[in-house]
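start-v5.txt follows; it contains compact mmCIF, C-alpha atoms and all ligand atoms.
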# COMPACT_ATOMS: atom_id res chain seq x y z
CA MET A 1140 47.11 205.86 111.08
CA ASN A 1141 45.19 202.81 109.88
CA ASN A 1142 41.56 202.39 110.89
CA HIS A 1143 40.93 199.43 108.74
CA ALA A 1144 41.13 196.97 111.61
CA THR A 1145 37.84 198.45 112.85
CA GLY A 1146 36.18 198.47 109.40
CA SER A 1147 33.29 196.37 108.16
CA VAL A 1148 33.66 193.14 106.21
CA THR A 1149 33.22 195.07 102.95
CA GLN A 1150 35.92 197.51 104.02
CA HIS A 1151 38.28 194.63 104.77
CA LYS A 1152 37.66 193.24 101.32
CA ARG A 1153 38.36 196.58 99.67
CA SER A 1154 41.45 197.07 101.80
CA SER A 1155 42.98 193.77 100.87
CA VAL A 1156 42.75 194.74 97.20
CA SER A 1157 44.33 198.13 97.85
CA GLU A 1158 47.08 196.65 99.99
CA LYS A 1159 48.42 194.83 96.94
CA LYS A 1160 48.62 197.97 94.90
CA THR A 1161 48.17 201.31 96.59
CA LYS A 1162 49.44 201.70 100.14
CA ARG A 1163 50.70 205.29 100.25
CA ILE A 1164 49.03 208.19 98.51
CA GLY A 1165 50.55 211.66 98.28
CA ILE A 1166 48.29 214.69 97.93
CA LEU A 1167 49.11 218.28 97.04
CA THR A 1168 47.09 221.39 96.27
CA GLY A 1169 48.63 223.51 93.49
CA GLY A 1170 48.04 226.96 91.99
CA GLY A 1171 45.71 229.59 93.44
CA ASP A 1172 43.62 228.42 96.37
CA CYS A 1173 39.84 228.18 96.20
CA PRO A 1174 36.95 227.14 98.42
CA GLY A 1175 36.59 223.34 98.55
CA LEU A 1176 40.28 222.36 98.69
CA ASN A 1177 39.96 221.23 102.31
CA ALA A 1178 36.79 219.32 101.48
CA VAL A 1179 38.78 217.39 98.83
CA ILE A 1180 41.62 216.73 101.31
CA ARG A 1181 39.02 215.46 103.79
CA GLY A 1182 37.31 213.28 101.17
CA VAL A 1183 40.63 211.76 100.07
CA THR A 1184 41.95 211.23 103.61
CA LYS A 1185 38.81 209.78 105.16
CA SER A 1186 38.11 207.40 102.32
CA ALA A 1187 41.77 206.39 101.89
CA ILE A 1188 42.31 205.65 105.59
CA ASP A 1189 38.90 204.43 106.72
CA GLU A 1190 37.84 202.53 103.61
CA HIS A 1191 41.13 201.23 102.28
CA GLY A 1192 43.76 201.44 105.02
CA ILE A 1193 45.94 203.65 102.82
CA THR A 1194 48.45 206.09 104.36
CA VAL A 1195 48.06 209.70 103.18
CA ILE A 1196 51.10 211.94 102.78
CA GLY A 1197 50.32 215.65 102.48
CA ILE A 1198 52.82 217.63 100.41
CA GLU A 1199 53.10 221.22 101.58
CA ASP A 1200 52.68 224.30 99.35
CA GLY A 1201 51.98 222.51 96.10
CA PHE A 1202 54.76 221.62 93.68
CA GLU A 1203 57.10 224.02 95.49
CA GLY A 1204 56.99 221.74 98.55
CA PHE A 1205 57.30 218.69 96.30
CA VAL A 1206 60.56 220.01 94.80
CA GLU A 1207 61.85 221.05 98.22
CA GLY A 1208 60.83 217.83 99.94
CA ARG A 1209 58.31 219.18 102.44
CA MET A 1210 55.65 216.72 103.54
CA ARG A 1211 53.78 215.38 106.56
CA GLU A 1212 51.41 212.50 107.13
CA ILE A 1213 47.73 213.49 107.15
CA THR A 1214 45.66 211.61 109.71
CA SER A 1215 41.89 211.24 110.05
CA LYS A 1216 42.12 213.76 112.89
CA ASP A 1217 43.81 216.32 110.59
CA ALA A 1218 40.98 215.89 108.10
CA SER A 1219 38.27 216.32 110.69
CA GLY A 1220 36.33 219.59 110.94
CA ILE A 1221 37.67 221.07 107.69
CA LEU A 1222 34.75 220.41 105.32
CA GLY A 1223 33.52 224.00 105.36
CA LEU A 1224 36.91 225.63 105.87
CA GLY A 1225 38.24 227.88 103.08
CA GLY A 1226 41.84 227.76 101.82
CA THR A 1227 43.97 224.62 102.13
CA ILE A 1228 45.52 223.10 105.25
CA LEU A 1229 48.42 221.97 103.02
CA GLY A 1230 49.24 225.42 101.68
CA THR A 1231 49.68 226.12 97.95
CA SER A 1232 51.80 228.06 95.50
CA ASN A 1233 51.55 229.17 91.88
CA LYS A 1234 55.32 229.49 91.52
CA GLY A 1235 56.56 225.93 91.92
CA ASP A 1236 56.39 224.35 88.43
CA PRO A 1237 59.14 221.65 88.72
CA PHE A 1238 59.89 221.98 84.98
CA HIS A 1239 60.24 225.75 85.25
CA TYR A 1240 61.50 226.17 88.79
CA PRO A 1241 62.74 229.53 90.08
CA SER A 1242 66.05 229.03 91.86
CA ASP A 1243 68.60 231.44 93.38
CA GLY A 1244 71.58 231.57 90.99
CA ILE A 1245 74.72 233.70 90.89
CA LYS A 1246 73.04 236.14 88.52
CA GLY A 1247 69.83 236.28 90.61
CA ILE A 1248 66.75 234.13 90.01
CA GLU A 1249 67.32 231.42 87.38
CA ILE A 1250 64.67 229.12 85.94
CA VAL A 1251 65.78 225.47 86.17
CA ASP A 1252 64.34 221.99 85.57
CA ALA A 1253 63.82 220.51 89.05
CA SER A 1254 61.58 217.64 87.96
CA MET A 1255 64.13 214.95 88.92
CA ARG A 1256 64.03 216.25 92.49
CA THR A 1257 60.28 215.58 92.63
CA LEU A 1258 60.80 212.07 91.25
CA LYS A 1259 63.44 211.46 93.94
CA HIS A 1260 61.01 212.57 96.66
CA TYR A 1261 58.15 210.54 95.17
CA LYS A 1262 60.30 207.41 95.31
CA GLY A 1263 61.96 208.27 98.62
CA TRP A 1264 58.61 208.76 100.35
CA GLY A 1265 57.42 205.41 99.00
CA LEU A 1266 54.43 206.88 97.20
CA ASP A 1267 52.32 204.61 95.02
CA CYS A 1268 50.33 207.53 93.66
CA LEU A 1269 50.04 211.32 93.80
CA ILE A 1270 46.67 213.07 93.88
CA ALA A 1271 47.25 216.51 92.35
CA VAL A 1272 44.47 218.97 93.12
CA GLY A 1273 44.69 222.01 90.88
CA GLY A 1274 43.81 223.90 87.73
CA ASP A 1275 45.18 223.74 84.20
CA GLY A 1276 48.76 224.58 85.32
CA THR A 1277 48.70 221.71 87.81
CA MET A 1278 47.23 219.32 85.23
CA HIS A 1279 49.91 220.23 82.63
CA ILE A 1280 52.63 219.57 85.23
CA SER A 1281 50.89 216.33 86.27
CA LYS A 1282 50.84 215.09 82.69
CA LYS A 1283 54.60 215.62 82.40
CA LEU A 1284 55.30 213.98 85.79
CA GLY A 1285 53.17 211.05 84.66
CA GLU A 1286 55.39 210.71 81.58
CA MET A 1287 58.38 210.48 83.96
CA GLY A 1288 56.82 207.45 85.62
CA MET A 1289 54.76 208.86 88.49
CA ASN A 1290 51.23 207.54 89.05
CA ILE A 1291 49.09 210.66 89.06
CA ILE A 1292 45.40 211.31 89.57
CA GLY A 1293 44.10 214.82 89.00
CA VAL A 1294 41.28 216.66 90.74
CA PRO A 1295 40.05 219.75 88.85
CA LYS A 1296 40.05 222.90 90.96
CA THR A 1297 39.67 226.53 89.96
CA ILE A 1298 37.24 229.38 90.40
CA ASP A 1299 37.85 230.14 86.69
CA ASN A 1300 36.03 226.95 85.54
CA ASP A 1301 38.35 226.89 82.52
CA LEU A 1302 39.34 223.22 82.57
CA ASP A 1303 38.06 221.30 79.61
CA ALA A 1304 36.73 217.75 80.05
CA THR A 1305 34.77 218.58 83.19
CA ASP A 1306 31.42 220.33 83.25
CA GLN A 1307 32.47 222.08 86.44
CA THR A 1308 35.54 222.57 88.59
CA PHE A 1309 35.01 222.88 92.31
CA GLY A 1310 35.37 226.43 93.66
CA PHE A 1311 33.51 228.01 90.75
CA ASP A 1312 30.08 227.83 92.37
CA THR A 1313 31.35 229.62 95.50
CA ALA A 1314 33.09 232.37 93.50
CA LEU A 1315 29.92 232.77 91.45
CA SER A 1316 27.73 233.26 94.50
CA ILE A 1317 30.15 235.77 96.01
CA ALA A 1318 30.24 237.76 92.75
CA THR A 1319 26.44 237.61 92.43
CA GLU A 1320 25.96 238.91 95.95
CA ALA A 1321 28.38 241.74 95.19
CA ILE A 1322 26.37 242.71 92.08
CA ASP A 1323 23.15 242.68 94.12
CA ARG A 1324 24.76 245.09 96.58
CA LEU A 1325 26.04 247.35 93.79
CA HIS A 1326 22.50 247.55 92.40
CA THR A 1327 21.08 249.30 95.45
CA THR A 1328 23.85 251.87 95.78
CA GLY A 1329 24.13 252.37 91.99
CA SER A 1330 20.40 252.97 91.56
CA SER A 1331 20.29 255.36 94.53
CA HIS A 1332 23.06 257.55 93.07
CA HIS A 1333 22.19 257.07 89.37
CA ARG A 1334 25.71 255.92 88.61
CA VAL A 1335 27.42 253.47 86.32
CA MET A 1336 28.71 250.72 88.61
CA ILE A 1337 31.49 248.49 87.32
CA ILE A 1338 32.51 245.22 88.93
CA GLU A 1339 35.71 243.50 87.79
CA VAL A 1340 35.79 239.77 88.49
CA MET A 1341 38.49 237.10 88.06
CA GLY A 1342 38.65 234.28 85.51
CA ARG A 1343 41.91 234.79 83.55
CA TYR A 1344 41.28 233.99 79.86
CA ALA A 1345 37.74 232.71 80.50
CA GLY A 1346 34.59 234.72 81.10
CA TRP A 1347 32.59 232.15 83.07
CA ILE A 1348 32.46 234.06 86.37
CA ALA A 1349 31.59 237.37 84.65
CA LEU A 1350 28.95 235.84 82.39
CA GLU A 1351 27.21 233.73 85.02
CA ALA A 1352 27.43 236.31 87.85
CA GLY A 1353 26.28 238.96 85.37
CA LEU A 1354 23.30 236.80 84.43
CA ALA A 1355 22.49 235.94 88.04
CA GLY A 1356 22.85 239.56 89.17
CA GLY A 1357 21.03 241.09 86.18
CA ALA A 1358 23.99 243.13 84.87
CA ASP A 1359 23.19 245.48 81.98
CA ILE A 1360 26.53 244.91 80.26
CA ILE A 1361 28.75 241.84 80.54
CA LEU A 1362 32.25 241.99 79.04
CA ILE A 1363 34.20 238.74 78.65
CA PRO A 1364 37.55 237.86 77.01
CA GLU A 1365 35.90 235.62 74.42
CA ILE A 1366 33.89 238.56 72.98
CA PRO A 1367 36.13 241.62 72.47
CA PHE A 1368 33.97 244.72 73.00
CA LYS A 1369 33.46 247.93 71.02
CA TRP A 1370 33.78 251.14 73.04
CA GLN A 1371 30.86 252.80 71.23
CA SER A 1372 28.57 249.87 72.00
CA VAL A 1373 29.33 250.22 75.74
CA PHE A 1374 28.84 254.01 75.64
CA ASP A 1375 25.53 253.70 73.74
CA LYS A 1376 24.12 251.25 76.26
CA VAL A 1377 24.93 253.33 79.36
CA ILE A 1378 23.70 256.54 77.70
CA GLU A 1379 20.45 254.86 76.60
CA ARG A 1380 19.82 253.60 80.14
CA SER A 1381 20.72 256.93 81.68
CA THR A 1382 18.34 258.89 79.46
CA HIS A 1383 15.48 256.43 78.79
CA GLY A 1384 15.96 253.67 81.30
CA LYS A 1385 16.61 253.34 84.97
CA ARG A 1386 19.31 256.05 85.20
CA PHE A 1387 21.95 253.61 86.41
CA SER A 1388 23.89 250.74 84.85
CA ILE A 1389 25.70 247.69 86.15
CA ILE A 1390 28.68 246.45 84.14
CA CYS A 1391 30.24 243.11 85.02
CA ILE A 1392 33.73 242.77 83.51
CA ALA A 1393 36.00 239.74 83.44
CA GLU A 1394 39.59 240.67 84.29
CA GLY A 1395 40.72 239.26 80.91
CA ALA A 1396 38.15 241.23 78.85
CA LYS A 1397 39.54 243.53 76.17
CA ALA A 1398 38.38 246.11 73.66
CA ALA A 1399 38.42 244.87 70.06
CA ASP A 1400 41.18 247.34 69.19
CA GLU A 1401 43.29 246.82 72.34
CA GLY A 1402 45.08 244.06 74.24
CA ALA A 1403 44.11 242.78 77.68
CA VAL A 1404 45.08 244.89 80.70
CA VAL A 1405 47.94 243.19 82.53
CA LYS A 1406 48.87 244.21 86.06
CA GLU A 1407 52.15 242.32 86.29
CA THR A 1408 54.30 239.76 84.50
CA ASP A 1409 56.21 237.45 86.82
CA MET A 1410 58.30 234.70 85.25
CA LYS A 1411 58.31 232.73 88.52
CA ARG A 1412 54.59 232.03 88.18
CA THR A 1413 53.26 228.99 86.32
CA ASP A 1414 51.28 231.51 84.25
CA PRO A 1415 53.48 234.66 84.22
CA ILE A 1416 50.57 237.00 83.47
CA ARG A 1417 48.55 238.58 86.28
CA PHE A 1418 45.49 240.40 84.97
CA GLY A 1419 43.94 243.48 86.58
CA GLY A 1420 42.88 247.01 85.73
CA ILE A 1421 40.32 246.62 82.93
CA GLY A 1422 37.54 247.86 85.26
CA GLU A 1423 39.38 251.11 85.96
CA HIS A 1424 40.21 251.51 82.25
CA VAL A 1425 36.56 251.14 81.21
CA ALA A 1426 35.43 253.48 84.00
CA ASN A 1427 37.85 256.19 82.85
CA ARG A 1428 36.66 255.92 79.25
CA ILE A 1429 32.96 256.03 80.24
CA THR A 1430 33.54 259.12 82.39
CA THR A 1431 35.50 260.88 79.64
CA ASP A 1432 33.33 259.89 76.68
CA THR A 1433 29.83 260.03 78.24
CA GLY A 1434 30.22 262.30 81.27
CA LEU A 1435 28.38 259.73 83.42
CA GLU A 1436 29.53 259.29 86.99
CA THR A 1437 31.17 255.87 87.30
CA ARG A 1438 32.54 253.78 90.17
CA VAL A 1439 34.62 250.59 90.10
CA THR A 1440 34.76 247.62 92.45
CA VAL A 1441 37.51 245.07 91.96
CA LEU A 1442 36.24 241.97 93.73
CA GLY A 1443 39.67 240.30 93.73
CA HIS A 1444 40.55 237.56 96.17
CA LEU A 1445 37.24 237.82 98.03
CA GLN A 1446 36.08 235.44 95.29
CA ARG A 1447 38.54 232.80 96.47
CA GLY A 1448 38.30 233.20 100.23
CA GLY A 1449 35.99 231.77 102.85
CA SER A 1450 33.68 228.85 103.11
CA PRO A 1451 32.55 226.80 100.07
CA THR A 1452 28.89 226.62 99.08
CA ALA A 1453 26.93 223.42 99.72
CA PHE A 1454 27.35 222.54 96.02
CA ASP A 1455 31.15 222.90 96.21
CA ARG A 1456 31.38 220.95 99.47
CA ILE A 1457 29.49 218.06 97.91
CA LEU A 1458 31.37 218.21 94.58
CA SER A 1459 34.74 218.36 96.39
CA THR A 1460 33.83 215.40 98.57
CA ARG A 1461 32.69 213.41 95.52
CA TYR A 1462 35.90 214.32 93.66
CA GLY A 1463 38.12 213.39 96.63
CA THR A 1464 36.53 210.00 97.22
CA LYS A 1465 36.45 209.25 93.47
CA ALA A 1466 40.17 210.05 93.23
CA VAL A 1467 40.89 207.44 95.91
CA GLU A 1468 38.68 204.92 94.10
CA LEU A 1469 40.74 205.49 90.91
CA ALA A 1470 43.98 205.11 92.89
CA VAL A 1471 42.79 201.80 94.33
CA GLN A 1472 41.79 200.61 90.85
CA GLY A 1473 45.18 201.67 89.49
CA LYS A 1474 43.59 204.04 86.95
CA PHE A 1475 46.53 206.42 86.91
CA GLY A 1476 46.99 209.32 84.48
CA SER A 1477 43.34 210.23 84.87
CA MET A 1478 41.46 213.22 86.24
CA VAL A 1479 38.13 213.02 88.04
CA CYS A 1480 35.44 215.09 86.37
CA LEU A 1481 31.77 215.95 86.34
CA ARG A 1482 29.79 214.91 83.28
CA GLY A 1483 26.18 216.00 83.63
CA LEU A 1484 25.24 214.86 87.11
CA ARG A 1485 27.79 212.02 87.24
CA VAL A 1486 31.30 212.07 88.68
CA THR A 1487 33.54 210.04 86.38
CA SER A 1488 37.07 210.36 84.95
CA VAL A 1489 38.98 211.34 81.80
CA SER A 1490 42.65 211.07 80.91
CA ILE A 1491 44.78 214.03 82.09
CA ALA A 1492 46.01 214.33 78.48
CA GLU A 1493 42.44 214.90 77.34
CA ALA A 1494 41.82 217.34 80.19
CA VAL A 1495 44.69 219.62 79.17
CA ALA A 1496 44.17 219.40 75.41
CA GLN A 1497 42.33 222.69 75.37
CA GLN A 1498 41.09 225.42 77.68
CA ARG A 1499 37.39 225.61 78.44
CA LEU A 1500 36.24 229.02 77.20
CA VAL A 1501 32.75 230.49 76.91
CA PRO A 1502 31.25 229.50 73.52
CA VAL A 1503 30.49 232.85 71.89
CA ASP A 1504 27.23 231.64 70.36
CA GLY A 1505 26.42 229.30 73.21
CA GLU A 1506 23.15 229.07 75.10
CA LEU A 1507 24.33 231.22 78.04
CA VAL A 1508 25.41 234.09 75.78
CA ARG A 1509 22.15 233.86 73.82
CA THR A 1510 20.19 233.88 77.09
CA ALA A 1511 21.97 237.05 78.22
CA ARG A 1512 21.21 238.76 74.90
CA ALA A 1513 17.57 237.59 75.06
CA VAL A 1514 17.02 239.47 78.33
CA GLY A 1515 18.52 242.66 76.90
CA THR A 1516 22.03 242.35 78.33
CA SER A 1517 24.72 243.85 76.12
CA LEU A 1518 27.90 241.87 75.48
CA GLY A 1519 29.47 245.08 74.18
CA ASP A 1520 29.79 243.85 70.61
CA GLU A 1521 26.71 245.17 68.83
O1 LIG A 1601 43.22 231.06 88.60
C1 LIG A 1601 42.59 231.59 89.72
C2 LIG A 1601 42.83 233.07 89.82
O2 LIG A 1601 42.10 233.56 90.93
C3 LIG A 1601 42.50 233.87 88.57
O3 LIG A 1601 41.13 234.09 88.40
C4 LIG A 1601 43.31 235.11 88.79
O4 LIG A 1601 43.65 235.73 87.57
C5 LIG A 1601 44.55 234.59 89.46
O5 LIG A 1601 44.20 233.34 90.06
C6 LIG A 1601 45.09 235.52 90.52
O6 LIG A 1601 46.29 235.01 90.99
P1 LIG A 1601 47.02 235.53 92.30
O7 LIG A 1601 46.31 234.92 93.48
O8 LIG A 1601 48.41 235.04 92.16
O9 LIG A 1601 46.91 237.02 92.32
Let's see the structure in the file written out as structure tokens.
Ligand code: F6P
Amino acid sequence: MNNHATGSVTQHKRSSVSEKKTKRIGILTGGGDCPGLNAVIRGVTKSAIDEHGITVIGIEDGFEGFVEGRMREITSKDASGILGLGGTILGTSNKGDPFHYPSDGIKGIEIVDASMRTLKHYKGWGLDCLIAVGGDGTMHISKKLGEMGMNIIGVPKTIDNDLDATDQTFGFDTALSIATEAIDRLHTTGSSHHRVMIIEVMGRYAGWIALEAGLAGGADIILIPEIPFKWQSVFDKVIERSTHGKRFSIICIAEGAKAADEGAVVKETDMKRTDPIRFGGIGEHVANRITTDTGLETRVTVLGHLQRGGSPTAFDRILSTRYGTKAVELAVQGKFGSMVCLRGLRVTSVSIAEAVAQQRLVPVDGELVRTARAVGTSLGDE
């Protein structure tokens, strides 16, 4: 659908520029879903169609659908009413890396290079550009597809907030508020029963959700992957609170946190996934040790996918909309191989190569960690 015939004079001017270069944009959402994906799809679609007369092709289920050739045109009507809707109307998958694609072989599942199939679809669908909305896995794949000749623009998504080169990914703020609310709720039940209450949150190798939700919810102990913890330090803190303090403790643990003398707790390894490791279980492990070593009654809540479901916060709706419209602006300008990003209060762009150069982890002596320590929160290392 092309609304540009009804656009203003300015819109006509913009459209005539885009018509020379970018006429068909593909969009896919890759990796784990998160709140704000639909707001990005809406931002991309509305600005592409209404402002520039560009056709939008939605690729289904991330890179899996790209390899398999599943797509449909996204109209303004499709993008209407989805701003506050969780999930993604396009579907997603964290198992479709074209360079590491799981395929049914004679000996069972084989991992093959299916990248040429994506290139064939990109050309066959007449795409001038692909907007890839995803986390670090998606950006790594995008970089490689760009090297094969595709025009890619990245949009940084993930509740983990672990993408370097952007001050914030969309989805993080929503996950943070859900985790904070959960900690608030654990406070009232934990204090009533004088228990140690553990909450395990997501984040993979990064402790952003645990650290910031722990700060916002006033956790007594925050354990993150970047700061391996000492068992005795954790025991001392809960015993001290139980005997001289408030008789209950709240511990906020990132799923990737680990004791200094142990590895991370892995729930499953699945070679079909872009990242084969699925974390899970550190909360239960810490609870068992606290019960055994201190005798204190302990309960665990694993927040899990509640952090990724439901409606985005106002901040994430706005950030997603800004990212989506900026991605279209970059496509129209032909600034391919770049990822939109937030720098301070400004939405701008960086090269995808720069964005994937390193993971964004919590600085161990950074201001947030020092703030937590200053209000008496233990990071389990002293
Ligand atoms: O990357 C987002 C994330 O939610 C991580 O925090 C978590 O480790 C992982 O995805 C869970 O993946 P899945 O949805 O496949 O269980």
Can I get the residues close to ligand LIG 1601 (chain A) as a PyMOL selection string, where close means within 9 Å and we count only C-alpha atoms and all ligand atoms?
-> chain A and resi 1170-1173+1232-1234+1274-1275+1297-1301+1340-1345+1348+1394-1395+1412+1416-1419+1443-1444+1446-1447
Residues near His1333 (chain A), cut-off 7 Å, all atoms listed in the file, skip fewer than 2 positions along chain, as a compact mmCIF listing (two decimals) with C-alpha atoms, in the frame of the given file:
# COMPACT_ATOMS: atom_id res chain seq x y z
CA GLY A 1329 24.13 252.37 91.99
CA SER A 1330 20.40 252.97 91.56
CA SER A 1331 20.29 255.36 94.53
CA ARG A 1386 19.31 256.05 85.20
CA PHE A 1387 21.95 253.61 86.41
For Met1336 (chain A), the nearest of the candidates A:Ser1254, A:Ser1388, A:Thr1452, A:Thr1431, counting all atoms listed in the file |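 Counting all atoms listed in the file, the residue closest to Met1336 (chain A) is A:Ser1388.
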Nearest to Ile1360 (chain A), chosen from A:Ile1378, A:Val1467, A:Ile1389, A:Ala1496, with only C-alpha atoms counted in the distances =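 Answer, going by the shortest atom-to-atom distance: A:Ile1389.
The two atoms in question, CA of Trp1370 (chain A) and CA of Leu1445 (chain A), are spaced 28.5 Å apart.
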Using only C-alpha atoms, determine which residues lie at most 8 Å from region 1197-1210 of chain A, disregarding the query and same-chain residues fewer than 3 positions distant; provide the list as a PyMOL selection string.
-> chain A and resi 1165-1170+1213+1229-1237+1253-1254+1256-1257+1260
Nearest residue to Ile1421 (chain A) from the set A:Ala1399, A:Ile1337, A:Val1501, A:Leu1354 (distances using all atoms listed in the file) =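 Going through A:Ala1399, A:Ile1337, A:Val1501, A:Leu1354 one by one, the smallest distance to Ile1421 (chain A) is for A:Ile1337.
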Just the residues within 8 Å of Pro1451 (chain A), please, counting all atoms listed in the file, with nothing from its chain fewer than 5 positions along; format it as an MDAnalysis selection string.
-> chainID A and resid 1174:1175 1223:1225 1310 1313 1456
In file coordinates, which residues lie within 12 Å of (41.0, 207.8, 78.5) using only C-alpha atoms, given as a list in words?
->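 Looking at atoms near the point gives Ala1304, Lys1474, Phe1475, Gly1476, Ser1477, Met1478, Val1479, Thr1487, Ser1488, Val1489, Ser1490, Ile1491, Ala1492, Glu1493 and Ala1494 of chain A.
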Nearest to Leu1325 (chain A) among A:Glu1423, A:Thr1437, A:Glu1249, A:Ser1186, with distances taken over only C-alpha atoms: which residue is it?
-> A:Thr1437
